[in-house]
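Read through the structure below, which is laid out as structure tokens, and then see the notes.
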Amino acid sequence: MSKAKKKRRLNRDLVLAKAMQLIDDAGSADLVSLKELAAELNIRPPSLYNHISGLDDLHAGLRVVALSEMLADFQRAIAGKMGREALEGIAHAYRAFARAHPGVYPLTLIGHPFDAEHTAVSNQIIQLILLVLASYGLRGNEAMHAVRGFRSAIHGFISLEATGGFALPLGKDESFAVLVELILDGVAQKKNR
């Protein structure tokens with residue numbers, strides 16, 4: 001078999017997978033250039049443009065891939081669960097995703113209302129959390145406020161943890177568990193009103 005036939009055909013998915021790995025290893029999307037990505041793929045930089053239109057397109061693609069992976073993690077975390085147990089599963093899956101993808105996770109926070117793929121996956125994540133909150137009797141604006149509060153609290157912890165904001169000699173896992181309990185207790189109080 002010739003070298004050309006042995007070589008894996010490069011496609012957008014492979015480019016995004018390699019970029020995700022490089023960015024997570026580097027710790028930030030800002031630390032990885034297209035030139036570095038091309039070198040890791042053993043291609044010349046202009047060849048990347050057969051798969052992406054530039055850095056913005058790369059980051060947009062990574063947002064969709066990362067959010068899709070996050071959605072799948074959430075779905076696995078709530079399988080067979082309802083209410084408190086399901087919301088707790090999502091919280092822990094959220095933190096686990098951010099820890100596994102320290103470079104790509106920040107890209108998931110950037111909204112792009114004109115990117116249909118991004119919007120579709122984001123909406124699926126929101127709908128999943130809304131479904132869990134519905135088991136608490138939360139619907140409409142009340143549920144959306146709860147989604148925002150839930151996300152803000154989890155993201156705040158993740159961000160402080162990632163930047164070394166917890167310097168006290170106290171277990172971060174235990175602190176996260178306490179935060180999740182506080183969130184769950186707050187949601188349960190809303191249900192009981």
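Just remember, in the structure tokens the first chain shown is A, the second B, etc., residues are 1-based per chain, and ligands are 1-based in the order shown.
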For segment 53-121 of chain A versus segment 7-21 of chain A, which residues have an atom no more than 8 Å away, and what is each residue's nearest atom pair and distance in Å rounded to one decimal, using only C-alpha atoms, chain-then-number order, as a Markdown table?
| residue | atom | partner | partner_atom | distance |
| --- | --- | --- | --- | --- |
| A:Leu58 | CA | A:Leu16 | CA | 7.0 |
| A:Gly61 | CA | A:Leu16 | CA | 6.9 |
| A:Leu62 | CA | A:Leu16 | CA | 6.2 |
| A:Val65 | CA | A:Leu16 | CA | 7.9 |
| A:Gly103 | CA | A:Met20 | CA | 7.9 |
| A:Val104 | CA | A:Met20 | CA | 6.5 |
Keeping only N, CA, C and O atoms, write the selected residues as an mmCIF file, in the first residue's frame.
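Written file, part_38.cif:
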data_model
loop_
_atom_site.group_PDB
_atom_site.id
_atom_site.type_symbol
_atom_site.label_atom_id
_atom_site.label_comp_id
_atom_site.auth_asym_id
_atom_site.auth_seq_id
_atom_site.Cartn_x
_atom_site.Cartn_y
_atom_site.Cartn_z
ATOM 1 N N LEU A 58 -12.546 27.999 13.353
ATOM 2 C CA LEU A 58 -12.026 26.926 14.201
ATOM 3 C C LEU A 58 -12.667 27.005 15.579
ATOM 4 O O LEU A 58 -13.173 26.010 16.105
ATOM 5 N N GLY A 61 -16.331 26.057 15.500
ATOM 6 C CA GLY A 61 -16.463 24.605 15.409
ATOM 7 C C GLY A 61 -16.185 23.923 16.731
ATOM 8 O O GLY A 61 -16.883 22.984 17.125
ATOM 9 N N LEU A 62 -15.171 24.419 17.431
ATOM 10 C CA LEU A 62 -14.836 23.846 18.740
ATOM 11 C C LEU A 62 -15.946 24.083 19.759
ATOM 12 O O LEU A 62 -16.208 23.222 20.606
ATOM 13 N N VAL A 65 -18.537 21.409 19.050
ATOM 14 C CA VAL A 65 -18.043 20.095 19.474
ATOM 15 C C VAL A 65 -18.054 19.992 20.997
ATOM 16 O O VAL A 65 -18.527 19.006 21.570
ATOM 17 N N GLY A 103 -8.767 24.330 28.358
ATOM 18 C CA GLY A 103 -8.543 25.310 27.300
ATOM 19 C C GLY A 103 -9.784 25.588 26.479
ATOM 20 O O GLY A 103 -10.060 26.720 26.097
ATOM 21 N N VAL A 104 -10.564 24.552 26.217
ATOM 22 C CA VAL A 104 -11.740 24.669 25.362
ATOM 23 C C VAL A 104 -12.970 25.136 26.146
ATOM 24 O O VAL A 104 -13.828 25.826 25.602
#
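For the residues A:Arg63, A:Met82, A:Pro102, A:Gly54, ranking by smallest atom-to-atom distance to Ile23 of chain A using only C-alpha atoms places A:Pro102 first.
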Per DSSP on the backbone, what are the alpha helix (DSSP H) residues of segment 26-152 of chain A, as number ranges by chain?
A: 26, 34-40, 45-48, 55-78, 83-100, 116-134, 140-152
As a PDB file with N, CA, C and O atoms, in the first residue's frame, please: the residues near Ala120 of chain A (cut-off 12 Å, only C-alpha atoms, same-chain neighbours under 4 positions excluded).
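This is the output file out_23.pdb:
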ATOM      1  N   ARG A  63     -16.592  25.247  19.679  1.00  0.00           N
ATOM      2  CA  ARG A  63     -17.719  25.519  20.588  1.00  0.00           C
ATOM      3  C   ARG A  63     -18.811  24.466  20.413  1.00  0.00           C
ATOM      4  O   ARG A  63     -19.350  23.937  21.378  1.00  0.00           O
ATOM      5  N   VAL A  64     -19.133  24.166  19.164  1.00  0.00           N
ATOM      6  CA  VAL A  64     -20.192  23.195  18.881  1.00  0.00           C
ATOM      7  C   VAL A  64     -19.772  21.799  19.346  1.00  0.00           C
ATOM      8  O   VAL A  64     -20.555  21.090  19.992  1.00  0.00           O
ATOM      9  N   VAL A  65     -18.537  21.409  19.050  1.00  0.00           N
ATOM     10  CA  VAL A  65     -18.043  20.095  19.474  1.00  0.00           C
ATOM     11  C   VAL A  65     -18.054  19.992  20.997  1.00  0.00           C
ATOM     12  O   VAL A  65     -18.527  19.006  21.570  1.00  0.00           O
ATOM     13  N   LEU A  67     -19.768  21.815  23.256  1.00  0.00           N
ATOM     14  CA  LEU A  67     -21.124  21.820  23.806  1.00  0.00           C
ATOM     15  C   LEU A  67     -21.841  20.496  23.542  1.00  0.00           C
ATOM     16  O   LEU A  67     -22.601  20.019  24.386  1.00  0.00           O
ATOM     17  N   SER A  68     -21.580  19.890  22.393  1.00  0.00           N
ATOM     18  CA  SER A  68     -22.180  18.578  22.085  1.00  0.00           C
ATOM     19  C   SER A  68     -21.667  17.518  23.058  1.00  0.00           C
ATOM     20  O   SER A  68     -22.431  16.671  23.536  1.00  0.00           O
ATOM     21  N   LEU A  71     -23.303  18.173  26.420  1.00  0.00           N
ATOM     22  CA  LEU A  71     -24.680  17.676  26.394  1.00  0.00           C
ATOM     23  C   LEU A  71     -24.706  16.165  26.608  1.00  0.00           C
ATOM     24  O   LEU A  71     -25.495  15.653  27.417  1.00  0.00           O
ATOM     25  N   GLY A 111     -21.372  33.204  23.478  1.00  0.00           N
ATOM     26  CA  GLY A 111     -22.578  32.975  22.695  1.00  0.00           C
ATOM     27  C   GLY A 111     -22.483  33.571  21.306  1.00  0.00           C
ATOM     28  O   GLY A 111     -21.881  34.618  21.112  1.00  0.00           O
ATOM     29  N   HIS A 112     -23.044  32.878  20.336  1.00  0.00           N
ATOM     30  CA  HIS A 112     -23.094  33.354  18.960  1.00  0.00           C
ATOM     31  C   HIS A 112     -24.496  33.129  18.417  1.00  0.00           C
ATOM     32  O   HIS A 112     -24.791  32.068  17.872  1.00  0.00           O
ATOM     33  N   PRO A 113     -25.372  34.147  18.589  1.00  0.00           N
ATOM     34  CA  PRO A 113     -26.771  33.970  18.198  1.00  0.00           C
ATOM     35  C   PRO A 113     -26.993  33.716  16.713  1.00  0.00           C
ATOM     36  O   PRO A 113     -28.052  33.233  16.327  1.00  0.00           O
ATOM     37  N   PHE A 114     -26.002  34.016  15.874  1.00  0.00           N
ATOM     38  CA  PHE A 114     -26.183  33.808  14.439  1.00  0.00           C
ATOM     39  C   PHE A 114     -25.582  32.496  13.958  1.00  0.00           C
ATOM     40  O   PHE A 114     -25.625  32.190  12.784  1.00  0.00           O
ATOM     41  N   ASP A 115     -25.024  31.707  14.864  1.00  0.00           N
ATOM     42  CA  ASP A 115     -24.474  30.398  14.529  1.00  0.00           C
ATOM     43  C   ASP A 115     -25.544  29.355  14.859  1.00  0.00           C
ATOM     44  O   ASP A 115     -25.790  29.049  16.024  1.00  0.00           O
ATOM     45  N   ALA A 116     -26.190  28.833  13.827  1.00  0.00           N
ATOM     46  CA  ALA A 116     -27.323  27.919  14.016  1.00  0.00           C
ATOM     47  C   ALA A 116     -26.934  26.656  14.780  1.00  0.00           C
ATOM     48  O   ALA A 116     -27.686  26.190  15.642  1.00  0.00           O
ATOM     49  N   GLN A 124     -30.468  22.711  23.363  1.00  0.00           N
ATOM     50  CA  GLN A 124     -30.678  21.342  23.851  1.00  0.00           C
ATOM     51  C   GLN A 124     -30.214  21.215  25.303  1.00  0.00           C
ATOM     52  O   GLN A 124     -30.864  20.536  26.102  1.00  0.00           O
ATOM     53  N   ILE A 125     -29.099  21.858  25.633  1.00  0.00           N
ATOM     54  CA  ILE A 125     -28.605  21.830  27.016  1.00  0.00           C
ATOM     55  C   ILE A 125     -29.602  22.521  27.937  1.00  0.00           C
ATOM     56  O   ILE A 125     -29.959  21.995  28.996  1.00  0.00           O
ATOM     57  N   ILE A 126     -30.067  23.689  27.522  1.00  0.00           N
ATOM     58  CA  ILE A 126     -31.043  24.428  28.332  1.00  0.00           C
ATOM     59  C   ILE A 126     -32.317  23.604  28.512  1.00  0.00           C
ATOM     60  O   ILE A 126     -32.853  23.495  29.623  1.00  0.00           O
ATOM     61  N   GLN A 127     -32.799  22.991  27.433  1.00  0.00           N
ATOM     62  CA  GLN A 127     -34.023  22.188  27.508  1.00  0.00           C
ATOM     63  C   GLN A 127     -33.853  20.996  28.449  1.00  0.00           C
ATOM     64  O   GLN A 127     -34.789  20.637  29.180  1.00  0.00           O
TER      65      GLN A 127
END
Listing only residues of segment 10-108 of chain A within 12 Å of segment 157-168 of chain A, what is the closest atom pair and its distance in Å (to one decimal) for each, using only C-alpha atoms, sorted by chain and residue number ascending, as a Markdown table?
| residue | atom | partner | partner_atom | distance |
| --- | --- | --- | --- | --- |
| A:Gly27 | CA | A:Ala162 | CA | 9.9 |
| A:Ser28 | CA | A:Ala162 | CA | 11.6 |
| A:Ala91 | CA | A:Ile158 | CA | 10.6 |
| A:His92 | CA | A:Ile158 | CA | 10.7 |
| A:Ala93 | CA | A:Ile158 | CA | 11.7 |
| A:Tyr94 | CA | A:Ile158 | CA | 8.9 |
| A:Arg95 | CA | A:Ile158 | CA | 6.4 |
| A:Ala96 | CA | A:Ile158 | CA | 9.4 |
| A:Phe97 | CA | A:Ile158 | CA | 10.1 |
| A:Ala98 | CA | A:Ile158 | CA | 7.1 |
| A:Arg99 | CA | A:Ala162 | CA | 7.9 |
| A:Ala100 | CA | A:Ala162 | CA | 11.2 |
| A:His101 | CA | A:Ala162 | CA | 10.8 |
| A:Pro102 | CA | A:Ala162 | CA | 7.7 |
| A:Gly103 | CA | A:Ala162 | CA | 10.3 |
| A:Tyr105 | CA | A:Ile158 | CA | 10.0 |
| A:Pro106 | CA | A:Ser159 | CA | 9.2 |
Quick one: everything within 10 Å of Ser135 of chain A, counting only C-alpha atoms, minus sequence neighbours fewer than 5 positions away in the same chain. Send it as a PyMOL selection string.
chain A and resi 82-84+86+130+191
Which residues, written as a PyMOL selection string, have at least one atom at most 8 Å from Leu22 of chain A, with only C-alpha atoms counted and residues fewer than 4 positions away on the same chain left out?
chain A and resi 18+26+32+37
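With distances restricted to only C-alpha atoms, A:Ile129 is the closest residue to Ile78 of chain A from A:Ala66, A:Ile129, A:Leu109, A:Ile52.
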Report as a list in words all protein, DNA and RNA residues lying within 8 Å of Lys35 of chain A, evaluated on only C-alpha atoms, omitting residues in the same chain fewer than 3 positions from it.
Ala38, Ala39, Arg44 and Pro45 of chain A
Saved selection, atoms kept: N, CA and C atoms, as a CSV table (one decimal), in the first residue's frame:
chain,number,residue,atom,x,y,z
A,38,ALA,N,-1.4,23.2,12.2
A,38,ALA,CA,-1.0,22.6,10.9
A,38,ALA,C,0.2,21.7,11.2
A,39,ALA,N,1.2,22.2,11.9
A,39,ALA,CA,2.4,21.4,12.2
A,39,ALA,C,2.0,20.1,12.9
A,44,ARG,N,0.8,21.7,5.7
A,44,ARG,CA,1.2,23.1,5.6
A,44,ARG,C,0.0,24.0,6.0
A,45,PRO,N,0.2,25.1,6.7
A,45,PRO,CA,-0.9,26.0,7.1
A,45,PRO,C,-1.9,26.3,6.1
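Take the candidates A:Ile110, A:Ala29, A:Met144, A:Ile154 and check each one against Glu181 of chain A using only C-alpha atoms; the shortest distance goes to A:Ile154.
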Can you tell me which residues surround Gly80 of chain A at a distance of at most 12 Å, considering only C-alpha atoms, apart from same-chain residues fewer than 5 positions away, and format the answer as an NGL selection string?
:A and (75 or 85-86 or 89 or 132)
